[in-house]
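Q: Would you mind keeping the following structure in view while I ask a few things?
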Amino acid sequence: MAKSAFQEFKKGLWAEIPPFRLVLGLCPTLAVTKSVDNGVGMGIALTFVLVCSNIVISLLRKVIPKEVRIACFIVVIASFVTVVELVMQAYAYSLFLQLGIFIPLIVVNCIVLGRAEAFASKNGVIASLADGLGIGIGFTLSLTALSIFREVLGEGTFNHVSVFGPSFQPFSFLVEAPGAFVALGLMLCIMNMLGKKK
Amino acid sequence: MGDYILLFISCIFVNNILLMQYLGNCPFLGTSKKMETAVGMAMAVVFVLTLAGAITWIVEAVLLKPFGFEFLRTVSFILVIASLVQFVELFLKKSVPALYAGLGIFLPLITTNCAVMGVCLINIKEDYTFTQTLVSSFSYAVGFGLALVLFAGVRERILLARVPKPLQDTSIGLVTAGMMSLAFVAFRGMA
């Protein structure tokens with residue numbers, strides 16, 4: 001049954017919110033959530049790629065032969081990632097430097113390829129657009145939540161502005177690599193608990 | 001020679017690709033539930049990553065750099081990796097069926113393993129020479145395999161433990177990975 005575009009959009013925000021419900025695309029989630037601006041920047045970049053690639057793949061879904069579809073999807077995704085890379089280099093250079101190799105790595109982000117394979121290659125343009133937008137915004141929200149948690153407690157700042165004043169001793173474990181894993185694990189736990197109540 | 005040994009050690013332990021650089025986490029959590037699958041994935045990654053590192057270095061040096069096509073790096077690297085994986089799969093199927101039976105199902109997954117693409121990009125970013133690229137790709141892959149196999153061992157034990165319900169499965173897996181990563185932080189003093 002074809003669901004309405006709004007329903008497709010909505011499911012990305014809660015029922016299938018990545019990376020908590022769909023445990024995909026963990027690498028950027030762990031790596032860029034050290035500070036809020038990085039988290040939001042990554043989320044927006046991924047949303048753009050996801051929406052554009054979903055639209056193009058859904059338009060081409062009848063043309064692409066089944067046997068080579070993965071390769072075709074990857075080429076489409078890689079082109080949009082290149083667009084994002086160049087735009088960021090031009091207009092948000094400091095963010096570009098901070099995110100480093102994680103921008104080209106959007107190509108191999110399982111979320112993008114996963115949505116292309118599971119959704120856009122089977123559904124129409126409007127539904128795919130809604131799906132990409134929903135999942136992308138869901139991902140941005142998750143990254144923002146995780147990066148707020150890590151930056152506020154780990155550095156004592158919010159978007160590089162001090163929150164607790166100079167006497168605060170930052171819990172710097174959270175901004176290091178081990179803290180990333182533990183924080184995400186605990187977030188998943190919280191999501192599971194909330195999911196139970198509903 | 002000493003430099004290469006230092007590079008080898010630092011890529012395996014100090015800059016461990018999984019636990020310190022956060023790359024390749026999807027297969028890390030996906031294939032670590034059983035020891036067998038973890039070993040298979042680890043071997044496949046060592047094999048493909050070393051080849052991919054070498055080939056992407058050549059592509060960068062011969063095709064992209066001389067003609068100023070650096071902006072095409074993302075597209076060309078992913079194509080090289082995807083076709084390399086396909087090629088390796090076909091080659092192994094024909095000539096080394098025993099190895100193919102072992103690695104078979106893990107090979108297609110490697111295309112979307114960000115560790116492979118990530119290491120290729122790191123090699124270019126660090127301006128490594130060809131030999132350094134070979135050493136670093138191989139040792140990053142060994143580091144990946146090491147962490148994956150160790151983690152699979154821990155995870156098999158967790159199955160026997162009583163874990164609170166909301167924490168089960170991936171959640172406790174991530175917390176455990178955090179603890180392992182803490183152990184790898186200790187190697188930092190070596191560099």
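Chain labels A, B, ... are given in the sequence in which chains occur in the structure tokens; within each chain residues are numbered consecutively from 1, and ligands are likewise numbered from 1 in the order shown.
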Leaving out Ala115 in chain B and any residue of its chain fewer than 2 positions from it, which residues lie within 8 Å of it when counting only C-alpha atoms, given as an mmCIF file with N, CA and C atoms, in the first residue's frame?
A:
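Output file result_12.cif follows:
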```cif
data_model
loop_
_atom_site.group_PDB
_atom_site.id
_atom_site.type_symbol
_atom_site.label_atom_id
_atom_site.label_comp_id
_atom_site.auth_asym_id
_atom_site.auth_seq_id
_atom_site.Cartn_x
_atom_site.Cartn_y
_atom_site.Cartn_z
ATOM 1 N N ILE B 17 42.321 1.838 13.568
ATOM 2 C CA ILE B 17 41.319 2.377 12.667
ATOM 3 C C ILE B 17 39.913 2.315 13.255
ATOM 4 N N LEU B 18 39.622 1.256 13.986
ATOM 5 C CA LEU B 18 38.272 1.109 14.528
ATOM 6 C C LEU B 18 38.080 1.924 15.790
ATOM 7 N N LEU B 23 36.503 4.434 12.171
ATOM 8 C CA LEU B 23 36.118 4.045 10.811
ATOM 9 C C LEU B 23 35.766 2.559 10.785
ATOM 10 N N GLY B 24 34.817 2.213 9.925
ATOM 11 C CA GLY B 24 34.461 0.803 9.779
ATOM 12 C C GLY B 24 33.655 0.251 10.926
ATOM 13 N N ASN B 113 32.466 -0.592 3.351
ATOM 14 C CA ASN B 113 33.179 -0.490 4.622
ATOM 15 C C ASN B 113 33.996 0.792 4.591
ATOM 16 N N MET B 117 37.832 2.873 2.284
ATOM 17 C CA MET B 117 37.896 4.192 1.667
ATOM 18 C C MET B 117 38.665 5.170 2.561
ATOM 19 N N GLY B 118 38.420 5.076 3.860
ATOM 20 C CA GLY B 118 39.066 5.985 4.808
ATOM 21 C C GLY B 118 40.571 5.865 4.776
ATOM 22 N N VAL B 119 41.078 4.636 4.787
ATOM 23 C CA VAL B 119 42.530 4.455 4.783
ATOM 24 C C VAL B 119 43.126 4.976 3.479
#
```
Q: Residues of range 14-36 of chain B that approach range 178-189 of chain A to 12 Å or less, counting only C-alpha atoms: could you list each one with the shortest pair of atoms and its distance in Å to one decimal, rows by chain and increasing residue number, as CSV?
A:
```
residue,atom,partner,partner_atom,distance
B:Leu18,CA,A:Phe181,CA,10.9
B:Leu19,CA,A:Pro178,CA,7.5
B:Met20,CA,A:Pro178,CA,8.0
B:Gln21,CA,A:Pro178,CA,10.6
B:Tyr22,CA,A:Ala180,CA,9.1
B:Asn25,CA,A:Phe181,CA,10.2
B:Leu29,CA,A:Phe181,CA,11.5
```
Q: Nearest to Pro108 in chain B: which of B:Gln86, B:Thr170, B:Thr50, B:Asn16 is it, counting only C-alpha atoms?
A: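 Closest candidate: B:Gln86.
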Q: Considering only C-alpha atoms, extract the chain A residues located within 10 Å of chain B and return them as a ChimeraX atom specification.
A: /A:20,23-32,70-72,74-83,85-86,100-110,113,173,176-196
Q: Next, the residues of the selection above should be written as a tab-separated table (two decimals), in the first residue's frame with C-alpha atoms.
A:
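So the final result, stored in result-v7.tsv, reads:
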```
chain	number	residue	atom	x	y	z
A	20	PHE	CA	19.32	4.73	16.85
A	23	VAL	CA	21.91	1.10	13.42
A	24	LEU	CA	23.65	2.37	10.31
A	25	GLY	CA	26.10	5.13	9.58
A	26	LEU	CA	27.85	4.92	12.90
A	27	CYS	CA	31.25	6.16	11.81
A	28	PRO	CA	30.33	9.82	11.23
A	29	THR	CA	28.05	9.66	14.26
A	30	LEU	CA	30.93	8.76	16.51
A	31	ALA	CA	33.55	10.89	14.86
A	32	VAL	CA	31.98	14.30	14.32
A	70	ILE	CA	24.77	-0.94	-6.70
A	71	ALA	CA	27.53	0.49	-8.88
A	72	CYS	CA	25.07	2.97	-10.43
A	74	ILE	CA	27.35	4.61	-5.84
A	75	VAL	CA	28.19	6.79	-8.83
A	76	VAL	CA	25.10	8.93	-8.24
A	77	ILE	CA	25.88	9.28	-4.54
A	78	ALA	CA	29.55	10.01	-5.17
A	79	SER	CA	28.67	12.84	-7.55
A	80	PHE	CA	26.49	14.55	-4.95
A	81	VAL	CA	29.14	14.05	-2.30
A	82	THR	CA	31.61	15.80	-4.57
A	83	VAL	CA	29.15	18.67	-4.91
A	85	GLU	CA	32.65	18.77	-0.78
A	86	LEU	CA	33.24	21.60	-3.23
A	100	GLY	CA	38.11	16.22	7.16
A	101	ILE	CA	37.87	12.83	5.55
A	102	PHE	CA	34.36	12.29	6.85
A	103	ILE	CA	32.86	14.36	4.05
A	104	PRO	CA	34.15	12.11	1.23
A	105	LEU	CA	33.21	9.19	3.43
A	106	ILE	CA	29.52	10.06	3.11
A	107	VAL	CA	29.82	7.99	-0.09
A	108	VAL	CA	30.23	4.82	1.89
A	109	ASN	CA	27.75	5.79	4.58
A	110	CYS	CA	25.43	2.84	4.88
A	113	LEU	CA	23.15	3.43	0.09
A	173	PHE	CA	36.47	11.38	28.74
A	176	GLU	CA	37.81	11.29	23.51
A	177	ALA	CA	37.28	8.19	21.35
A	178	PRO	CA	36.14	5.86	24.17
A	179	GLY	CA	33.57	8.39	25.34
A	180	ALA	CA	32.02	8.42	21.87
A	181	PHE	CA	31.27	4.72	22.00
A	182	VAL	CA	29.97	4.82	25.55
A	183	ALA	CA	27.80	7.89	24.92
A	184	LEU	CA	26.22	6.34	21.83
A	185	GLY	CA	25.66	3.07	23.69
A	186	LEU	CA	23.87	4.89	26.49
A	187	MET	CA	21.79	6.91	24.00
A	188	LEU	CA	20.67	3.65	22.39
A	189	CYS	CA	19.76	2.37	25.84
A	190	ILE	CA	17.66	5.47	26.54
A	191	MET	CA	15.93	5.14	23.17
A	192	ASN	CA	15.12	1.51	23.97
A	193	MET	CA	13.64	2.51	27.29
A	194	LEU	CA	11.51	5.25	25.73
A	195	GLY	CA	10.41	2.88	22.99
A	196	LYS	CA	9.13	0.40	25.58
```
Q: How many Å lie between CA of Thr131 in chain B and CA of Trp57 in chain B, rounded to one decimal?
A: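 Between CA of Thr131 in chain B and CA of Trp57 in chain B the gap is 10.3 Å.
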Q: Do a neighbour search on Phe9 in chain A at 8 Å with only C-alpha atoms, toss out local chain neighbours closer than 6 positions, and write the hits as an MDAnalysis selection string.
A: chainID A and resid 130:135
Q: Take the selection from the previous step and output its residues with N, CA and C atoms, as a short mmCIF file (atom, residue, chain, number, x, y, z; two decimals), in the first residue's frame.
A:
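Okay, part-v9.cif is ready:
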```cif
data_model
loop_
_atom_site.label_atom_id
_atom_site.label_comp_id
_atom_site.auth_asym_id
_atom_site.auth_seq_id
_atom_site.Cartn_x
_atom_site.Cartn_y
_atom_site.Cartn_z
N ALA A 130 10.38 12.51 0.26
CA ALA A 130 9.92 12.61 1.64
C ALA A 130 10.75 11.69 2.53
N ASP A 131 11.02 10.50 2.03
CA ASP A 131 11.80 9.54 2.80
C ASP A 131 13.21 10.08 3.08
N GLY A 132 13.86 10.60 2.03
CA GLY A 132 15.21 11.13 2.20
C GLY A 132 15.23 12.28 3.19
N LEU A 133 14.24 13.16 3.05
CA LEU A 133 14.18 14.33 3.93
C LEU A 133 13.96 13.89 5.38
N GLY A 134 13.05 12.94 5.57
CA GLY A 134 12.74 12.48 6.92
C GLY A 134 13.95 11.83 7.57
N ILE A 135 14.56 10.89 6.86
CA ILE A 135 15.72 10.19 7.42
C ILE A 135 16.85 11.18 7.67
#
```
Q: Quick one: pull the distance between CA of Gln89 in chain A and CA of Ala45 in chain A, Å, one decimal.
A: 12.3 Å
Q: Could you pull out the strand (DSSP E or B) residues of range 13-189 of chain A, going by DSSP on the backbone, and write them as a ChimeraX atom specification?
A: /A:157-158,161-162
Q: I'd like to know which of B:Leu146, B:Leu90, B:Ile5, B:Ile81 is closest to Ile55 in chain B, using only C-alpha atoms.
A: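 Of B:Leu146, B:Leu90, B:Ile5, B:Ile81, the one nearest Ile55 in chain B, counting only C-alpha atoms, is B:Ile81.
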